[in-house]
Amino acid sequence: MQVKIALFGITKEIIGASKLNYQLSETADVNQLLNNLRADYPALQKLSSLMIAVNDDYATPEQTLSAHDEIALIPPVCGG
Amino acid sequence: MIAITEGPINTQAVIDAVQADGAGAINVFIGTVRNQTQAKPVIQLDFEAYDSMAVKKMQEIANQAAERWPIQKVAIVHRKGTLQIGEAAVVIAVSTPHRKASFEACEYIIDTLKQVVPIWKKEKFEDGDVWVAAHP
């Protein structure tokens, strides 16, 4: 399946876009997505943390994904 | 009032939003742009937010605070875009019947906001830009 991933902060600079269309196996979970992204974009491995948000909530590593999910890559946050 | 905004934050409007007849205290936190990071001069800050999730998380934090303290009303407004030194990046106001709870709730809200709300800042120095906290 193809998913759309919203990118923010430093991940937007690493990947070079604010949205990424990304190919995943039909049964992919969050952990697989993170591993694939880290392999494709090695600079992501250097970040202090990297989370995935699905439909405006932080996702667990085992959470499965669907093509309709609103997915975002969340580098270390630092508001305030 | 829970919001991400692009223009300057109207601090008085945030305070007014939490006024309540049952309140004996309103505690306000204003996070501002500091002119240096570890003795290195900062020129300006760029804030980026994942708006929909940021508002959802700020609302959740407000709800969590309301479960722990007798909050009358709470308001959280965070700014995004380019900010100059001294400008307010975030304003939080909490009203409670007595002052102690207002201090505690306000501190809880800003501490938790910094940990979970998807907002990022980039510090601009004379010699380049750095995404804060991105690397260990």
# chains A, B, ... in the order shown; residues from 1 in each chain; ligands from 1

call {"tool": "select_by_dssp", "arguments": {"residues": "chain B", "states": "strand (DSSP E)", "output": "PyMOL selection string"}}
result
chain B and resi 2-5+25-32+36-37+40-49+73-79+81-84+88-96+119-125+128-131

call {"tool": "interface_residues", "arguments": {"of": "chain A", "to": "chain B", "cutoff": "7 Å", "atoms": "only C-alpha atoms", "output": "PyMOL selection string"}}
result
chain A and resi 9-10+46-48+56-57+75-80

call {"tool": "write_last_selection", "arguments": {"atoms": "N, CA and C atoms", "output": "PDB file, in the first residue's frame"}}
result
ATOM      1  N   GLY A   9       9.749  19.825  11.023  1.00  0.00           N
ATOM      2  CA  GLY A   9      11.032  20.143  11.643  1.00  0.00           C
ATOM      3  C   GLY A   9      12.193  19.565  10.860  1.00  0.00           C
ATOM      4  N   ILE A  10      13.115  18.947  11.588  1.00  0.00           N
ATOM      5  CA  ILE A  10      14.339  18.469  10.949  1.00  0.00           C
ATOM      6  C   ILE A  10      14.070  17.326   9.965  1.00  0.00           C
ATOM      7  N   LYS A  46      20.260   9.487  13.491  1.00  0.00           N
ATOM      8  CA  LYS A  46      21.048  10.315  14.411  1.00  0.00           C
ATOM      9  C   LYS A  46      20.182  11.156  15.349  1.00  0.00           C
ATOM     10  N   LEU A  47      18.871  11.153  15.133  1.00  0.00           N
ATOM     11  CA  LEU A  47      17.989  11.992  15.953  1.00  0.00           C
ATOM     12  C   LEU A  47      17.848  11.432  17.376  1.00  0.00           C
ATOM     13  N   SER A  48      17.598  12.324  18.331  1.00  0.00           N
ATOM     14  CA  SER A  48      17.433  11.907  19.736  1.00  0.00           C
ATOM     15  C   SER A  48      16.245  10.972  19.905  1.00  0.00           C
ATOM     16  N   ASP A  56      -3.422  11.956  14.535  1.00  0.00           N
ATOM     17  CA  ASP A  56      -3.234  12.942  15.609  1.00  0.00           C
ATOM     18  C   ASP A  56      -2.940  12.356  16.987  1.00  0.00           C
ATOM     19  N   ASP A  57      -2.541  11.075  17.043  1.00  0.00           N
ATOM     20  CA  ASP A  57      -2.106  10.494  18.319  1.00  0.00           C
ATOM     21  C   ASP A  57      -0.780   9.772  18.112  1.00  0.00           C
ATOM     22  N   PRO A  75       9.854  14.205  14.930  1.00  0.00           N
ATOM     23  CA  PRO A  75      11.184  14.291  15.542  1.00  0.00           C
ATOM     24  C   PRO A  75      11.061  14.884  16.953  1.00  0.00           C
ATOM     25  N   PRO A  76      12.165  14.991  17.712  1.00  0.00           N
ATOM     26  CA  PRO A  76      12.065  15.498  19.091  1.00  0.00           C
ATOM     27  C   PRO A  76      11.331  16.842  19.154  1.00  0.00           C
ATOM     28  N   VAL A  77      10.301  16.904  19.993  1.00  0.00           N
ATOM     29  CA  VAL A  77       9.500  18.131  20.085  1.00  0.00           C
ATOM     30  C   VAL A  77      10.153  19.089  21.092  1.00  0.00           C
ATOM     31  N   CYS A  78       9.882  20.365  20.924  1.00  0.00           N
ATOM     32  CA  CYS A  78      10.432  21.338  21.889  1.00  0.00           C
ATOM     33  C   CYS A  78       9.671  22.648  21.841  1.00  0.00           C
ATOM     34  N   GLY A  79       8.374  22.552  22.108  1.00  0.00           N
ATOM     35  CA  GLY A  79       7.590  23.780  22.173  1.00  0.00           C
ATOM     36  C   GLY A  79       7.866  24.531  23.463  1.00  0.00           C
ATOM     37  N   GLY A  80       7.133  25.607  23.663  1.00  0.00           N
ATOM     38  CA  GLY A  80       7.257  26.395  24.890  1.00  0.00           C
ATOM     39  C   GLY A  80       8.289  27.493  24.766  1.00  0.00           C
TER      40      GLY A  80
END

call {"tool": "residues_around", "arguments": {"residues": "Thr11 in chain A", "least_positions_apart": "4", "cutoff": "10 Å", "atoms": "only C-alpha atoms", "output": "ChimeraX atom specification"}}
result
/A:6-7,15-18,41,43-44,47,50,73-76 /B:134

call {"tool": "write_last_selection", "arguments": {"atoms": "C-alpha atoms", "output": "compact mmCIF listing (two decimals), in the first residue's frame"}}
result
# COMPACT_ATOMS: atom_id res chain seq x y z
CA ALA A 6 3.55 14.45 6.87
CA LEU A 7 7.02 15.71 7.77
CA ILE A 15 13.86 13.99 3.52
CA GLY A 16 13.62 17.22 1.53
CA ALA A 17 9.82 17.56 1.40
CA SER A 18 6.88 18.31 3.67
CA TYR A 41 17.20 8.14 5.15
CA ALA A 43 20.28 10.82 8.89
CA LEU A 44 17.08 9.91 10.77
CA LEU A 47 17.99 11.99 15.95
CA LEU A 50 11.66 9.60 16.31
CA LEU A 73 6.85 11.64 11.43
CA ILE A 74 7.56 13.32 14.77
CA PRO A 75 11.18 14.29 15.54
CA PRO A 76 12.06 15.50 19.09
CA ALA B 134 16.95 17.20 17.47

call {"tool": "residues_around", "arguments": {"residues": "Thr64 in chain A", "least_positions_apart": "6", "cutoff": "12 Å", "atoms": "only C-alpha atoms", "output": "JSON, numbers by chain"}}
result
{"A": [24, 25, 26, 27, 28, 29, 30, 31, 32, 33, 52, 53, 54, 71]}

call {"tool": "write_last_selection", "arguments": {"atoms": "all heavy atoms", "output": "mmCIF file, in the first residue's frame"}}
result
data_model
loop_
_atom_site.group_PDB
_atom_site.id
_atom_site.type_symbol
_atom_site.label_atom_id
_atom_site.label_comp_id
_atom_site.auth_asym_id
_atom_site.auth_seq_id
_atom_site.Cartn_x
_atom_site.Cartn_y
_atom_site.Cartn_z
ATOM 1 N N LEU A 24 4.584 0.691 1.364
ATOM 2 C CA LEU A 24 4.718 -0.230 2.492
ATOM 3 C C LEU A 24 3.982 -1.522 2.184
ATOM 4 O O LEU A 24 3.035 -1.523 1.395
ATOM 5 C CB LEU A 24 4.068 0.374 3.748
ATOM 6 C CG LEU A 24 4.834 1.382 4.585
ATOM 7 C CD1 LEU A 24 3.923 1.896 5.694
ATOM 8 C CD2 LEU A 24 6.103 0.783 5.166
ATOM 9 N N SER A 25 4.386 -2.612 2.849
ATOM 10 C CA SER A 25 3.632 -3.860 2.688
ATOM 11 C C SER A 25 2.239 -3.674 3.309
ATOM 12 O O SER A 25 2.063 -2.839 4.202
ATOM 13 C CB SER A 25 4.359 -5.009 3.364
ATOM 14 O OG SER A 25 4.249 -4.884 4.759
ATOM 15 N N GLU A 26 1.275 -4.462 2.848
ATOM 16 C CA GLU A 26 -0.124 -4.291 3.280
ATOM 17 C C GLU A 26 -0.298 -4.470 4.787
ATOM 18 O O GLU A 26 -1.227 -3.931 5.374
ATOM 19 C CB GLU A 26 -1.032 -5.290 2.545
ATOM 20 C CG GLU A 26 -1.140 -5.041 1.043
ATOM 21 C CD GLU A 26 -1.682 -3.665 0.685
ATOM 22 O OE1 GLU A 26 -2.617 -3.215 1.360
ATOM 23 O OE2 GLU A 26 -1.159 -3.040 -0.254
ATOM 24 N N THR A 27 0.594 -5.247 5.395
ATOM 25 C CA THR A 27 0.439 -5.551 6.820
ATOM 26 C C THR A 27 1.416 -4.760 7.693
ATOM 27 O O THR A 27 1.644 -5.098 8.848
ATOM 28 C CB THR A 27 0.680 -7.054 7.069
ATOM 29 O OG1 THR A 27 1.984 -7.371 6.549
ATOM 30 C CG2 THR A 27 -0.368 -7.896 6.388
ATOM 31 N N ALA A 28 1.979 -3.704 7.128
ATOM 32 C CA ALA A 28 3.046 -2.980 7.845
ATOM 33 C C ALA A 28 2.558 -2.370 9.149
ATOM 34 O O ALA A 28 1.415 -1.907 9.246
ATOM 35 C CB ALA A 28 3.609 -1.901 6.947
ATOM 36 N N ASP A 29 3.442 -2.401 10.143
ATOM 37 C CA ASP A 29 3.141 -1.689 11.388
ATOM 38 C C ASP A 29 4.103 -0.505 11.545
ATOM 39 O O ASP A 29 4.962 -0.265 10.689
ATOM 40 C CB ASP A 29 3.176 -2.639 12.594
ATOM 41 C CG ASP A 29 4.540 -3.256 12.838
ATOM 42 O OD1 ASP A 29 5.533 -2.780 12.259
ATOM 43 O OD2 ASP A 29 4.609 -4.219 13.614
ATOM 44 N N VAL A 30 3.923 0.202 12.650
ATOM 45 C CA VAL A 30 4.688 1.427 12.879
ATOM 46 C C VAL A 30 6.185 1.143 12.953
ATOM 47 O O VAL A 30 7.011 1.886 12.412
ATOM 48 C CB VAL A 30 4.176 2.106 14.175
ATOM 49 C CG1 VAL A 30 5.142 3.175 14.666
ATOM 50 C CG2 VAL A 30 2.791 2.705 13.935
ATOM 51 N N ASN A 31 6.536 0.046 13.608
ATOM 52 C CA ASN A 31 7.933 -0.316 13.747
ATOM 53 C C ASN A 31 8.600 -0.534 12.386
ATOM 54 O O ASN A 31 9.714 -0.067 12.147
ATOM 55 C CB ASN A 31 8.020 -1.587 14.598
ATOM 56 C CG ASN A 31 9.326 -1.663 15.337
ATOM 57 O OD1 ASN A 31 9.952 -0.637 15.612
ATOM 58 N ND2 ASN A 31 9.751 -2.869 15.641
ATOM 59 N N GLN A 32 7.875 -1.232 11.493
ATOM 60 C CA GLN A 32 8.411 -1.466 10.143
ATOM 61 C C GLN A 32 8.593 -0.158 9.391
ATOM 62 O O GLN A 32 9.596 0.042 8.703
ATOM 63 C CB GLN A 32 7.428 -2.341 9.363
ATOM 64 C CG GLN A 32 7.667 -3.823 9.517
ATOM 65 C CD GLN A 32 6.572 -4.570 8.785
ATOM 66 O OE1 GLN A 32 5.450 -4.645 9.283
ATOM 67 N NE2 GLN A 32 6.886 -5.063 7.604
ATOM 68 N N LEU A 33 7.609 0.705 9.521
ATOM 69 C CA LEU A 33 7.700 1.997 8.838
ATOM 70 C C LEU A 33 8.942 2.752 9.315
ATOM 71 O O LEU A 33 9.711 3.285 8.509
ATOM 72 C CB LEU A 33 6.433 2.820 9.099
ATOM 73 C CG LEU A 33 6.466 4.274 8.612
ATOM 74 C CD1 LEU A 33 6.709 4.344 7.107
ATOM 75 C CD2 LEU A 33 5.175 5.001 8.961
ATOM 76 N N ILE A 52 6.083 8.095 15.466
ATOM 77 C CA ILE A 52 5.080 8.162 14.407
ATOM 78 C C ILE A 52 3.757 8.554 15.056
ATOM 79 O O ILE A 52 3.399 8.027 16.118
ATOM 80 C CB ILE A 52 4.909 6.783 13.722
ATOM 81 C CG1 ILE A 52 6.178 6.385 12.959
ATOM 82 C CG2 ILE A 52 3.686 6.772 12.805
ATOM 83 C CD1 ILE A 52 6.425 7.152 11.685
ATOM 84 N N ALA A 53 3.076 9.497 14.426
ATOM 85 C CA ALA A 53 1.723 9.830 14.864
ATOM 86 C C ALA A 53 0.750 9.301 13.822
ATOM 87 O O ALA A 53 1.001 9.393 12.616
ATOM 88 C CB ALA A 53 1.549 11.330 15.018
ATOM 89 N N VAL A 54 -0.341 8.708 14.290
ATOM 90 C CA VAL A 54 -1.406 8.230 13.410
ATOM 91 C C VAL A 54 -2.705 8.899 13.831
ATOM 92 O O VAL A 54 -3.104 8.791 15.000
ATOM 93 C CB VAL A 54 -1.543 6.694 13.464
ATOM 94 C CG1 VAL A 54 -2.705 6.222 12.600
ATOM 95 C CG2 VAL A 54 -0.246 6.021 13.014
ATOM 96 N N ILE A 71 -0.680 9.928 8.648
ATOM 97 C CA ILE A 71 0.566 9.540 9.312
ATOM 98 C C ILE A 71 1.525 10.732 9.330
ATOM 99 O O ILE A 71 1.641 11.465 8.344
ATOM 100 C CB ILE A 71 1.212 8.351 8.569
ATOM 101 C CG1 ILE A 71 0.250 7.154 8.600
ATOM 102 C CG2 ILE A 71 2.553 7.980 9.179
ATOM 103 C CD1 ILE A 71 0.671 6.012 7.702
#

call {"tool": "atom_distance", "arguments": {"atom1": "CA of Ile109 in chain B", "atom2": "CA of Phe125 in chain B"}}
result
29.1 Å

call {"tool": "closest_residue", "arguments": {"among": "A:Asp40, A:Phe8, A:Gln23, A:Asp69", "to": "Asn55 in chain A", "atoms": "only C-alpha atoms"}}
result
A:Asp69
